[in-house]
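*Asks:* Here you go, this is protein37.txt (compact mmCIF, C-alpha atoms).
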```
# COMPACT_ATOMS: atom_id res chain seq x y z
CA MET A 5 78.53 -169.98 23.25
CA LYS A 6 75.69 -169.18 25.66
CA PHE A 7 74.70 -172.50 27.28
CA CYS A 8 76.55 -175.61 28.45
CA SER A 9 76.24 -178.31 25.79
CA GLU A 10 76.20 -180.98 28.52
CA CYS A 11 73.62 -179.59 30.99
CA ALA A 12 71.96 -176.62 29.17
CA LYS A 13 72.67 -174.21 32.06
CA PRO A 14 73.95 -170.68 31.18
CA ILE A 15 77.70 -170.63 30.55
CA SER A 16 80.26 -168.34 32.25
CA LEU A 17 83.25 -166.74 30.53
CA LEU A 18 86.07 -166.71 33.09
CA VAL A 19 89.72 -167.56 33.69
CA PRO A 20 89.78 -171.03 35.32
CA GLU A 21 92.15 -171.65 38.24
CA GLY A 22 95.66 -172.37 36.98
CA ASP A 23 94.86 -170.95 33.54
CA ASN A 24 95.61 -167.54 32.05
CA ARG A 25 92.87 -167.23 29.42
CA GLN A 26 89.14 -166.74 29.52
CA ARG A 27 87.27 -169.99 28.82
CA TYR A 28 83.63 -170.88 28.42
CA THR A 29 83.06 -172.65 31.73
CA CYS A 30 80.01 -174.39 33.18
CA LEU A 31 79.90 -173.75 36.92
CA HIS A 32 77.09 -176.30 37.26
CA CYS A 33 78.81 -179.38 35.82
CA ASP A 34 82.35 -178.02 36.17
CA ILE A 35 83.26 -178.49 32.50
CA ILE A 36 85.52 -176.14 30.54
CA HIS A 37 84.49 -175.85 26.90
CA TYR A 38 87.83 -175.18 25.18
CA GLN A 39 87.85 -173.62 21.73
CA ASN A 40 90.81 -174.31 19.45
CA PRO A 41 92.01 -173.54 15.93
CA ARG A 42 90.67 -175.61 13.07
CA ILE A 43 92.64 -177.21 10.25
CA ILE A 44 91.88 -176.69 6.57
CA ALA A 45 93.48 -179.52 4.57
CA GLY A 46 93.94 -179.39 0.81
CA THR A 47 96.22 -180.01 -2.12
CA LEU A 48 98.21 -178.23 -4.80
CA PRO A 49 97.53 -180.58 -7.73
CA THR A 50 99.85 -180.07 -10.70
CA TYR A 51 100.06 -181.66 -14.12
CA GLN A 52 103.06 -181.16 -16.40
CA GLY A 53 103.64 -177.68 -15.02
CA GLN A 54 99.98 -176.64 -14.86
CA VAL A 55 98.05 -176.07 -11.61
CA LEU A 56 94.51 -177.28 -10.86
CA LEU A 57 92.14 -174.65 -9.46
CA CYS A 58 88.45 -174.84 -8.50
CA LYS A 59 85.95 -171.99 -8.85
CA ARG A 60 83.97 -171.88 -5.61
CA ALA A 61 80.23 -172.63 -5.85
CA ILE A 62 79.67 -171.72 -2.18
CA GLU A 63 80.26 -168.81 0.18
CA PRO A 64 82.57 -167.45 1.40
CA ARG A 65 84.21 -166.15 -1.78
CA LYS A 66 81.74 -167.78 -4.17
CA GLY A 67 82.94 -167.38 -7.77
CA TYR A 68 86.61 -167.03 -6.75
CA TRP A 69 89.30 -169.59 -7.52
CA THR A 70 90.79 -171.86 -4.87
CA LEU A 71 92.92 -174.94 -4.43
CA PRO A 72 90.78 -177.93 -3.39
CA ALA A 73 90.63 -177.79 0.42
CA GLY A 74 88.25 -177.93 3.35
CA PHE A 75 87.85 -178.58 7.06
CA MET A 76 89.74 -181.64 8.28
CA GLU A 77 87.33 -184.12 9.91
CA ASN A 78 87.64 -186.01 13.19
CA GLY A 79 89.11 -189.48 12.72
CA GLU A 80 91.19 -188.79 9.63
CA THR A 81 94.85 -187.94 9.01
CA THR A 82 95.92 -184.63 7.45
CA GLU A 83 96.75 -186.41 4.20
CA GLU A 84 93.44 -188.30 4.17
CA GLY A 85 91.61 -185.00 4.70
CA ALA A 86 93.52 -183.28 1.90
CA LEU A 87 92.92 -186.13 -0.57
CA ARG A 88 89.24 -186.42 0.41
CA GLU A 89 88.67 -182.71 -0.23
CA THR A 90 90.49 -182.98 -3.57
CA LEU A 91 88.19 -185.82 -4.57
CA GLU A 92 85.05 -184.07 -3.29
CA GLU A 93 85.71 -180.68 -4.88
CA ALA A 94 87.48 -181.68 -8.10
CA ASN A 95 86.98 -185.45 -8.50
CA ALA A 96 90.77 -185.48 -8.74
CA ARG A 97 93.38 -187.92 -7.45
CA ILE A 98 97.02 -187.03 -6.90
CA LEU A 99 100.14 -189.20 -6.71
CA ASN A 100 102.75 -189.20 -3.93
CA PRO A 101 101.40 -186.23 -1.97
CA HIS A 102 103.89 -184.49 0.29
CA LEU A 103 103.41 -181.65 2.75
CA TYR A 104 104.14 -178.38 0.95
CA THR A 105 102.80 -175.43 2.98
CA MET A 106 101.47 -175.00 6.51
CA ILE A 107 99.98 -171.53 6.90
CA ALA A 108 98.56 -170.15 10.14
CA VAL A 109 95.74 -167.60 9.88
CA PRO A 110 95.55 -166.55 13.53
CA HIS A 111 92.85 -163.85 13.24
CA ILE A 112 90.36 -166.53 12.17
CA SER A 113 92.01 -169.32 14.24
CA GLN A 114 92.74 -171.57 11.30
CA VAL A 115 95.76 -173.50 10.03
CA HIS A 116 95.79 -174.27 6.30
CA ILE A 117 97.80 -177.30 5.18
CA PHE A 118 98.50 -178.06 1.51
CA PHE A 119 100.03 -181.24 0.09
CA HIS A 120 101.66 -181.02 -3.34
CA GLY A 121 101.31 -183.84 -5.83
CA GLU A 122 101.02 -184.59 -9.53
CA LEU A 123 97.55 -185.45 -10.84
CA ALA A 124 97.11 -189.20 -11.40
CA ASP A 125 95.12 -188.51 -14.58
CA LEU A 126 93.03 -185.85 -16.32
CA ASN A 127 89.67 -187.29 -15.23
CA PHE A 128 88.82 -184.37 -12.98
CA SER A 129 85.50 -182.53 -12.88
CA SER A 130 83.50 -180.16 -10.67
CA GLY A 131 82.22 -181.54 -7.38
CA PRO A 132 79.10 -180.04 -5.75
CA GLU A 133 81.11 -177.19 -4.13
CA SER A 134 82.82 -176.13 -7.39
CA LEU A 135 81.44 -174.25 -10.41
CA GLU A 136 84.44 -175.12 -12.59
CA VAL A 137 87.69 -177.04 -12.25
CA GLN A 138 90.50 -176.10 -14.60
CA LEU A 139 94.25 -176.47 -15.19
CA PHE A 140 96.15 -173.17 -15.43
CA ASP A 141 99.55 -172.28 -16.81
CA GLU A 142 101.53 -169.94 -14.57
CA ALA A 143 100.86 -167.04 -16.98
CA ASP A 144 97.11 -167.56 -16.75
CA ILE A 145 96.64 -167.82 -12.96
CA PRO A 146 93.74 -165.48 -12.05
CA TRP A 147 95.72 -163.77 -9.27
CA LYS A 148 93.03 -161.12 -8.66
CA GLU A 149 90.29 -163.71 -8.43
CA LEU A 150 91.88 -166.05 -5.90
CA ALA A 151 89.66 -166.85 -2.94
CA PHE A 152 92.05 -166.65 0.03
CA PRO A 153 95.55 -165.36 0.91
CA THR A 154 96.66 -168.91 1.75
CA ILE A 155 95.98 -169.89 -1.88
CA SER A 156 98.01 -167.03 -3.37
CA THR A 157 100.82 -167.64 -0.84
CA THR A 158 101.03 -171.34 -1.77
CA LEU A 159 100.90 -170.65 -5.53
CA ARG A 160 103.52 -167.87 -5.41
CA ARG A 161 105.87 -170.10 -3.44
CA TYR A 162 105.32 -172.98 -5.85
CA PHE A 163 106.22 -170.95 -8.92
CA THR A 164 109.30 -169.59 -7.15
CA ASP A 165 110.40 -173.07 -6.06
CA ARG A 166 109.88 -174.43 -9.53
CA GLN A 167 111.98 -171.67 -11.07
CA HIS A 168 114.89 -172.71 -8.85
CA THR A 169 114.53 -176.44 -9.46
CA ASN A 170 117.17 -178.25 -11.39
CA ASN A 171 115.37 -180.30 -14.03
CA LYS A 172 117.33 -183.35 -12.98
CA ASP A 173 115.77 -183.21 -9.52
CA GLN A 174 112.14 -183.33 -10.63
CA ASN A 175 111.45 -186.38 -8.48
CA THR A 176 112.68 -184.69 -5.31
CA PRO A 177 109.74 -183.03 -3.54
CA PHE A 178 109.98 -179.35 -2.77
CA PRO A 179 110.74 -178.57 0.89
CA THR A 180 107.91 -177.76 3.28
CA HIS A 181 107.28 -174.06 3.96
CA VAL A 182 105.65 -172.46 7.01
CA PHE A 183 103.91 -169.09 6.68
CA ASP A 184 101.59 -166.90 8.71
CA ILE A 185 98.93 -164.61 7.26
CA PRO A 186 98.77 -161.41 9.33
CA GLU A 187 95.39 -159.76 9.78
CA LYS A 188 96.24 -156.66 7.73
CA ASN A 189 96.47 -158.93 4.69
CA LYS A 190 92.98 -160.27 5.31
CA LEU A 191 91.69 -159.02 1.98
CA LYS A 192 95.01 -158.62 0.20
CA LEU A 193 95.37 -161.26 -2.44
CA MET B 28 77.13 -182.87 23.20
CA LYS B 29 73.53 -182.97 24.47
CA PHE B 30 72.21 -179.42 24.18
CA CYS B 31 72.61 -176.54 21.71
CA SER B 32 75.16 -174.09 23.10
CA GLU B 33 73.22 -171.19 21.50
CA CYS B 34 69.62 -171.93 22.55
CA ALA B 35 69.87 -174.75 25.17
CA LYS B 36 67.37 -176.98 23.32
CA PRO B 37 68.22 -180.71 22.98
CA ILE B 38 70.60 -181.43 20.10
CA SER B 39 70.05 -183.94 17.26
CA LEU B 40 72.74 -186.15 15.75
CA LEU B 41 71.95 -186.40 12.02
CA VAL B 42 73.38 -186.08 8.52
CA PRO B 43 72.55 -182.55 7.33
CA GLU B 44 71.34 -182.05 3.74
CA GLY B 45 74.27 -182.02 1.33
CA ASP B 46 76.59 -183.59 3.91
CA ASN B 47 77.69 -187.21 4.34
CA ARG B 48 78.54 -187.33 8.04
CA GLN B 49 76.52 -187.18 11.23
CA ARG B 50 76.70 -183.77 12.90
CA TYR B 51 75.39 -182.33 16.13
CA THR B 52 72.58 -180.20 14.75
CA CYS B 53 70.09 -177.87 16.45
CA LEU B 54 66.76 -178.15 14.67
CA HIS B 55 65.48 -175.16 16.67
CA CYS B 56 68.06 -172.52 15.67
CA ASP B 57 69.29 -174.40 12.57
CA ILE B 58 72.94 -174.43 13.65
CA ILE B 59 75.35 -177.28 12.93
CA HIS B 60 77.91 -177.73 15.71
CA TYR B 61 80.93 -179.08 13.81
CA GLN B 62 83.64 -180.94 15.71
CA ASN B 63 87.14 -180.94 14.28
CA PRO B 64 90.64 -182.23 15.14
CA ARG B 65 92.76 -180.23 17.56
CA ILE B 66 96.38 -179.23 17.18
CA ILE B 67 99.07 -179.96 19.77
CA ALA B 68 102.01 -177.59 19.15
CA GLY B 69 105.43 -178.13 20.70
CA THR B 70 109.16 -178.16 20.19
CA LEU B 71 112.15 -180.46 20.02
CA PRO B 72 114.70 -178.31 21.89
CA THR B 73 118.30 -179.45 21.47
CA TYR B 74 121.58 -178.22 22.91
CA GLN B 75 124.92 -179.40 21.56
CA GLY B 76 123.47 -182.79 20.67
CA GLN B 77 121.38 -183.22 23.80
CA VAL B 78 117.56 -183.17 23.83
CA LEU B 79 115.36 -181.37 26.37
CA LEU B 80 112.57 -183.44 27.91
CA CYS B 81 109.95 -182.58 30.55
CA LYS B 82 108.56 -185.02 33.12
CA ARG B 83 104.79 -184.53 33.16
CA ALA B 84 103.25 -183.21 36.40
CA ILE B 85 99.71 -183.70 35.09
CA GLU B 86 97.53 -186.44 33.64
CA PRO B 87 97.43 -188.01 31.16
CA ARG B 88 100.74 -189.84 31.52
CA LYS B 89 101.82 -188.07 34.70
CA GLY B 90 105.43 -188.98 35.55
CA TYR B 91 106.31 -189.82 31.94
CA TRP B 92 108.70 -187.78 29.79
CA THR B 93 107.53 -185.55 26.97
CA LEU B 94 108.70 -182.83 24.64
CA PRO B 95 107.23 -179.46 25.68
CA ALA B 96 103.87 -179.21 23.86
CA GLY B 97 100.22 -178.43 24.39
CA PHE B 98 96.96 -177.40 22.77
CA MET B 99 97.33 -174.59 20.26
CA GLU B 100 95.15 -171.61 21.25
CA ASN B 101 92.78 -169.52 19.14
CA GLY B 102 94.45 -166.37 17.82
CA GLU B 103 98.02 -167.66 17.67
CA THR B 104 100.23 -169.14 14.94
CA THR B 105 101.57 -172.70 15.13
CA GLU B 106 105.04 -171.38 15.92
CA GLU B 107 103.72 -169.00 18.60
CA GLY B 108 101.84 -171.90 20.18
CA ALA B 109 104.90 -174.14 20.14
CA LEU B 110 107.18 -171.47 21.67
CA ARG B 111 104.56 -170.52 24.29
CA GLU B 112 104.24 -174.14 25.42
CA THR B 113 108.03 -174.46 25.57
CA LEU B 114 108.20 -171.39 27.78
CA GLU B 115 105.27 -172.49 29.97
CA GLU B 116 106.44 -176.07 30.53
CA ALA B 117 110.21 -175.67 30.57
CA ASN B 118 110.92 -171.93 30.86
CA ALA B 119 112.98 -172.51 27.74
CA ARG B 120 113.56 -170.42 24.63
CA ILE B 121 114.75 -171.82 21.31
CA LEU B 122 116.48 -170.16 18.36
CA ASN B 123 115.39 -170.32 14.71
CA PRO B 124 112.58 -172.84 15.13
CA HIS B 125 111.60 -174.73 12.01
CA LEU B 126 108.81 -177.23 11.42
CA TYR B 127 110.21 -180.72 12.00
CA THR B 128 107.35 -183.24 12.38
CA MET B 129 103.60 -183.13 11.74
CA ILE B 130 101.98 -186.26 13.11
CA ALA B 131 98.29 -187.11 12.80
CA VAL B 132 96.72 -189.19 15.56
CA PRO B 133 93.33 -189.86 13.95
CA HIS B 134 91.82 -192.11 16.65
CA ILE B 135 91.93 -189.18 19.08
CA SER B 136 91.41 -186.53 16.37
CA GLN B 137 94.64 -184.68 17.06
CA VAL B 138 97.53 -183.38 14.95
CA HIS B 139 100.85 -182.97 16.78
CA ILE B 140 103.28 -180.41 15.35
CA PHE B 141 106.89 -180.11 16.56
CA PHE B 142 109.36 -177.36 15.70
CA HIS B 143 113.06 -178.14 16.09
CA GLY B 144 115.45 -175.52 17.40
CA GLU B 145 118.60 -175.08 19.46
CA LEU B 146 118.12 -173.81 23.03
CA ALA B 147 118.97 -170.11 23.34
CA ASP B 148 120.61 -170.74 26.74
CA LEU B 149 120.64 -173.19 29.65
CA ASN B 150 118.27 -171.15 31.85
CA PHE B 151 115.47 -173.70 31.69
CA SER B 152 113.45 -174.96 34.62
CA SER B 153 110.20 -176.76 35.42
CA GLY B 154 106.97 -174.91 34.72
CA PRO B 155 103.78 -175.75 36.67
CA GLU B 156 102.95 -178.70 34.38
CA SER B 157 106.41 -180.32 34.69
CA LEU B 158 108.01 -182.23 37.57
CA GLU B 159 111.50 -182.04 36.05
CA VAL B 160 113.14 -180.63 32.94
CA GLN B 161 116.39 -182.20 31.81
CA LEU B 162 118.80 -182.50 28.89
CA PHE B 163 119.42 -186.07 27.68
CA ASP B 164 122.16 -187.62 25.56
CA GLU B 165 120.82 -190.02 22.94
CA ALA B 166 122.11 -192.98 24.98
CA ASP B 167 120.15 -191.85 28.05
CA ILE B 168 116.72 -191.18 26.48
CA PRO B 169 114.13 -192.94 28.71
CA TRP B 170 112.47 -194.70 25.74
CA LYS B 171 110.20 -196.80 27.94
CA GLU B 172 109.05 -193.81 29.94
CA LEU B 173 108.04 -191.51 27.08
CA ALA B 174 104.54 -190.12 27.40
CA PHE B 175 103.15 -190.43 23.86
CA PRO B 176 103.93 -192.18 20.54
CA THR B 177 104.31 -188.78 18.83
CA ILE B 178 107.24 -188.05 21.18
CA SER B 179 109.07 -191.31 20.46
CA THR B 180 108.39 -190.92 16.71
CA THR B 181 109.87 -187.41 16.69
CA LEU B 182 112.91 -188.41 18.78
CA ARG B 183 113.68 -191.53 16.73
CA ARG B 184 113.49 -189.54 13.52
CA TYR B 185 115.74 -186.84 14.96
CA PHE B 186 118.50 -189.26 15.95
CA THR B 187 118.29 -190.92 12.51
CA ASP B 188 118.43 -187.57 10.71
CA ARG B 189 121.37 -186.49 12.82
CA GLN B 190 123.29 -189.66 12.04
CA HIS B 191 123.00 -188.89 8.33
CA THR B 192 123.91 -185.23 8.61
CA ASN B 193 127.16 -184.03 7.18
CA ASN B 194 128.84 -181.99 9.89
CA LYS B 195 129.42 -179.22 7.40
CA ASP B 196 125.66 -178.77 6.98
CA GLN B 197 124.84 -178.19 10.63
CA ASN B 198 123.14 -174.89 9.86
CA THR B 199 120.77 -176.43 7.35
CA PRO B 200 117.55 -177.45 9.11
CA PHE B 201 116.42 -181.04 8.82
CA PRO B 202 113.56 -181.58 6.37
CA THR B 203 109.98 -181.73 7.64
CA HIS B 204 108.50 -185.20 8.16
CA VAL B 205 104.83 -186.23 8.15
CA PHE B 206 103.73 -189.30 10.10
CA ASP B 207 100.48 -190.90 11.24
CA ILE B 208 100.05 -192.87 14.44
CA PRO B 209 97.70 -195.80 13.80
CA GLU B 210 95.37 -196.82 16.61
CA LYS B 211 97.04 -200.19 17.19
CA ASN B 212 100.12 -198.29 18.34
CA LYS B 213 98.09 -196.35 20.87
CA LEU B 214 100.13 -197.63 23.79
CA LYS B 215 103.20 -198.78 21.90
CA LEU B 216 106.08 -196.50 22.76
```
The structure given in the file should be rewritten as structure tokens.

*Replies:*
Amino acid sequence: MKFCSECAKPISLLVPEGDNRQRYTCLHCDIIHYQNPRIIAGTLPTYQGQVLLCKRAIEPRKGYWTLPAGFMENGETTEEGALRETLEEANARILNPHLYTMIAVPHISQVHIFFHGELADLNFSSGPESLEVQLFDEADIPWKELAFPTISTTLRRYFTDRQHTNNKDQNTPFPTHVFDIPEKNKLKL
Amino acid sequence: MKFCSECAKPISLLVPEGDNRQRYTCLHCDIIHYQNPRIIAGTLPTYQGQVLLCKRAIEPRKGYWTLPAGFMENGETTEEGALRETLEEANARILNPHLYTMIAVPHISQVHIFFHGELADLNFSSGPESLEVQLFDEADIPWKELAFPTISTTLRRYFTDRQHTNNKDQNTPFPTHVFDIPEKNKLKL
């Protein structure tokens, strides 16, 4: 940020009175331009034990596999954002979504939120940001070709949770898990 | 947003190619200035059945009671943000925080996240953004003087969850709940 987006004057980076962090501040119109973490909302769509993954058609990590997810938009709820991204990237609909993982990625100031739900049907297909969309058995997950640590973290947790699930409780959603991705794991999948 | 924060030229509001929403776009330096929801991170601090509330010393809702919470900062995790705000507003520390509510407020493009935890000690006091900090029994909660719908939603859910808790399970955290605050409830507390 170099100029004030309200008055076009050069911006100053300083600690405002009563604050303890540097902020982009316009000394001309007295506005502080706060910068805050962004939310990535997505889903973990499953179908009779298989998991839906999308092969990314765009950078970053083009050609790698991801869960359908993207930046949450102004004016929507977290669930609406997650379901919208699932529809956009995989033309897929899921039933009874519930919050499954919330993963902070502080070194890039993001919070990734995934809702788990069973696919409503098998009528999924690649959206414009996906090269392929495919269901995977646990044994076939392309662990070395996953796009982001938040994807591998969510998938690993899911397979662990499922292992410990009593078959009689299949209608009870898994509990919500909170994780953080430390910077040293930036490229560790 | 009126000017590009990178080049100071006037900004255009248009739907970029391949997108389906209007974005603040600089046609001079070809940058899209995305705007996304912000996260409010906070805690529900409890102590032997009582709940800690802070009376706001700042607008909006100055003089009304809130749970300690504030804007999550770049570079921190959700839990770090929640604990920092609890320390800043109430000089309070909580033990074993776990994610309790995630509440979308789409009409103001915010997501409020509260971690529940027991106070580590009774050495709490007002920070600069609080007029008072006080423990309340359920019967004494100032329901009509709560600052925001996300606060009343979290408190109501907590007292309901507690009612249904087996005393033997006191060490098991309550499950995480996801809510949305519709616009019509904007001022309904």

*Asks:* Distance limit 7 Å, atoms considered: only C-alpha atoms. Which chain B residues sit that close to chain A? Return them as a ChimeraX atom specification.

*Replies:* /B:28-35,62-65,99-105,131-136,202-203,207

*Asks:* How many Å separate atom CA of A:Ala61 from atom CA of A:Leu48?

*Replies:*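 Separation between atom CA of A:Ala61 and atom CA of A:Leu48: 18.9 Å.
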
*Asks:* Interatomic distance between atom CA of A:Asn24 and atom CA of B:Pro176?

*Replies:*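 Result for atom CA of A:Asn24 versus atom CA of B:Pro176: 28.4 Å, one decimal.
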
*Asks:* Determine, counting only C-alpha atoms, which protein, DNA and RNA residues have an atom within 12 Å of an atom of B:Gln190; residues of the same chain fewer than 6 positions away are not included. Present the result as a compact mmCIF listing (two decimals) with C-alpha atoms, keeping the file's coordinate frame.

*Replies:*
```
# COMPACT_ATOMS: atom_id res chain seq x y z
CA GLY B 76 123.47 -182.79 20.67
CA GLU B 165 120.82 -190.02 22.94
CA ARG B 183 113.68 -191.53 16.73
CA ARG B 184 113.49 -189.54 13.52
CA GLN B 197 124.84 -178.19 10.63
CA PHE B 201 116.42 -181.04 8.82
```

*Asks:* Can you work out which one of A:Ser156, A:Asn95, A:Ala86, A:His32 has the shortest atom-to-atom distance to A:Asn127, counting only C-alpha atoms?

*Replies:*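 Closest to A:Asn127, using only C-alpha atoms: A:Asn95.
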
*Asks:* May I ask for the distance between atom CA of A:Thr157 and atom CA of A:Thr47, given in Å to one decimal place?

*Replies:*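 If I compute the distance from atom CA of A:Thr157 to atom CA of A:Thr47, I get 13.3 Å.
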
*Asks:* With all atoms listed in the file as the counted atoms, please give the residues lying no more than 10 Å from B:Asp164, apart from itself and same-chain residues fewer than 5 positions off, as a ChimeraX atom specification.

*Replies:* /B:73-79

*Asks:* Restrict the selected residues to C-alpha atoms and save them as a CSV table (one decimal), keeping the file's coordinate frame.

*Replies:*
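The result, stored in selection30.csv:
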```csv
chain,number,residue,atom,x,y,z
B,73,THR,CA,118.3,-179.4,21.5
B,74,TYR,CA,121.6,-178.2,22.9
B,75,GLN,CA,124.9,-179.4,21.6
B,76,GLY,CA,123.5,-182.8,20.7
B,77,GLN,CA,121.4,-183.2,23.8
B,78,VAL,CA,117.6,-183.2,23.8
B,79,LEU,CA,115.4,-181.4,26.4
```

*Asks:* Excluding B:Arg120 and any residue of its chain fewer than 5 positions from it, enumerate the residues within 10 Å of it, using all atoms listed in the file, and give them as a PyMOL selection string.

*Replies:* chain B and resi 70+72+110-111+113-114+144-151

*Asks:* Go ahead and write the selection's residues with C-alpha atoms as a short mmCIF file (atom, residue, chain, number, x, y, z; two decimals), in the frame of the given file.

*Replies:*
```
data_model
loop_
_atom_site.label_atom_id
_atom_site.label_comp_id
_atom_site.auth_asym_id
_atom_site.auth_seq_id
_atom_site.Cartn_x
_atom_site.Cartn_y
_atom_site.Cartn_z
CA THR B 70 109.16 -178.16 20.19
CA PRO B 72 114.70 -178.31 21.89
CA LEU B 110 107.18 -171.47 21.67
CA ARG B 111 104.56 -170.52 24.29
CA THR B 113 108.03 -174.46 25.57
CA LEU B 114 108.20 -171.39 27.78
CA GLY B 144 115.45 -175.52 17.40
CA GLU B 145 118.60 -175.08 19.46
CA LEU B 146 118.12 -173.81 23.03
CA ALA B 147 118.97 -170.11 23.34
CA ASP B 148 120.61 -170.74 26.74
CA LEU B 149 120.64 -173.19 29.65
CA ASN B 150 118.27 -171.15 31.85
CA PHE B 151 115.47 -173.70 31.69
#
```

*Asks:* Near B:Ile85, within 12 Å and counting all atoms listed in the file, which residues show up once chain neighbours fewer than 4 positions away are dropped, as a PyMOL selection string?

*Replies:* chain B and resi 81+89-93+97+116+154-159+174

*Asks:* Could you write out that same residue set with C-alpha atoms as an mmCIF file, in the coordinates of the input?

*Replies:*
```cif
data_model
loop_
_atom_site.group_PDB
_atom_site.id
_atom_site.type_symbol
_atom_site.label_atom_id
_atom_site.label_comp_id
_atom_site.auth_asym_id
_atom_site.auth_seq_id
_atom_site.Cartn_x
_atom_site.Cartn_y
_atom_site.Cartn_z
ATOM 1 C CA CYS B 81 109.950 -182.580 30.550
ATOM 2 C CA LYS B 89 101.820 -188.070 34.700
ATOM 3 C CA GLY B 90 105.430 -188.980 35.550
ATOM 4 C CA TYR B 91 106.310 -189.820 31.940
ATOM 5 C CA TRP B 92 108.700 -187.780 29.790
ATOM 6 C CA THR B 93 107.530 -185.550 26.970
ATOM 7 C CA GLY B 97 100.220 -178.430 24.390
ATOM 8 C CA GLU B 116 106.440 -176.070 30.530
ATOM 9 C CA GLY B 154 106.970 -174.910 34.720
ATOM 10 C CA PRO B 155 103.780 -175.750 36.670
ATOM 11 C CA GLU B 156 102.950 -178.700 34.380
ATOM 12 C CA SER B 157 106.410 -180.320 34.690
ATOM 13 C CA LEU B 158 108.010 -182.230 37.570
ATOM 14 C CA GLU B 159 111.500 -182.040 36.050
ATOM 15 C CA ALA B 174 104.540 -190.120 27.400
#
```
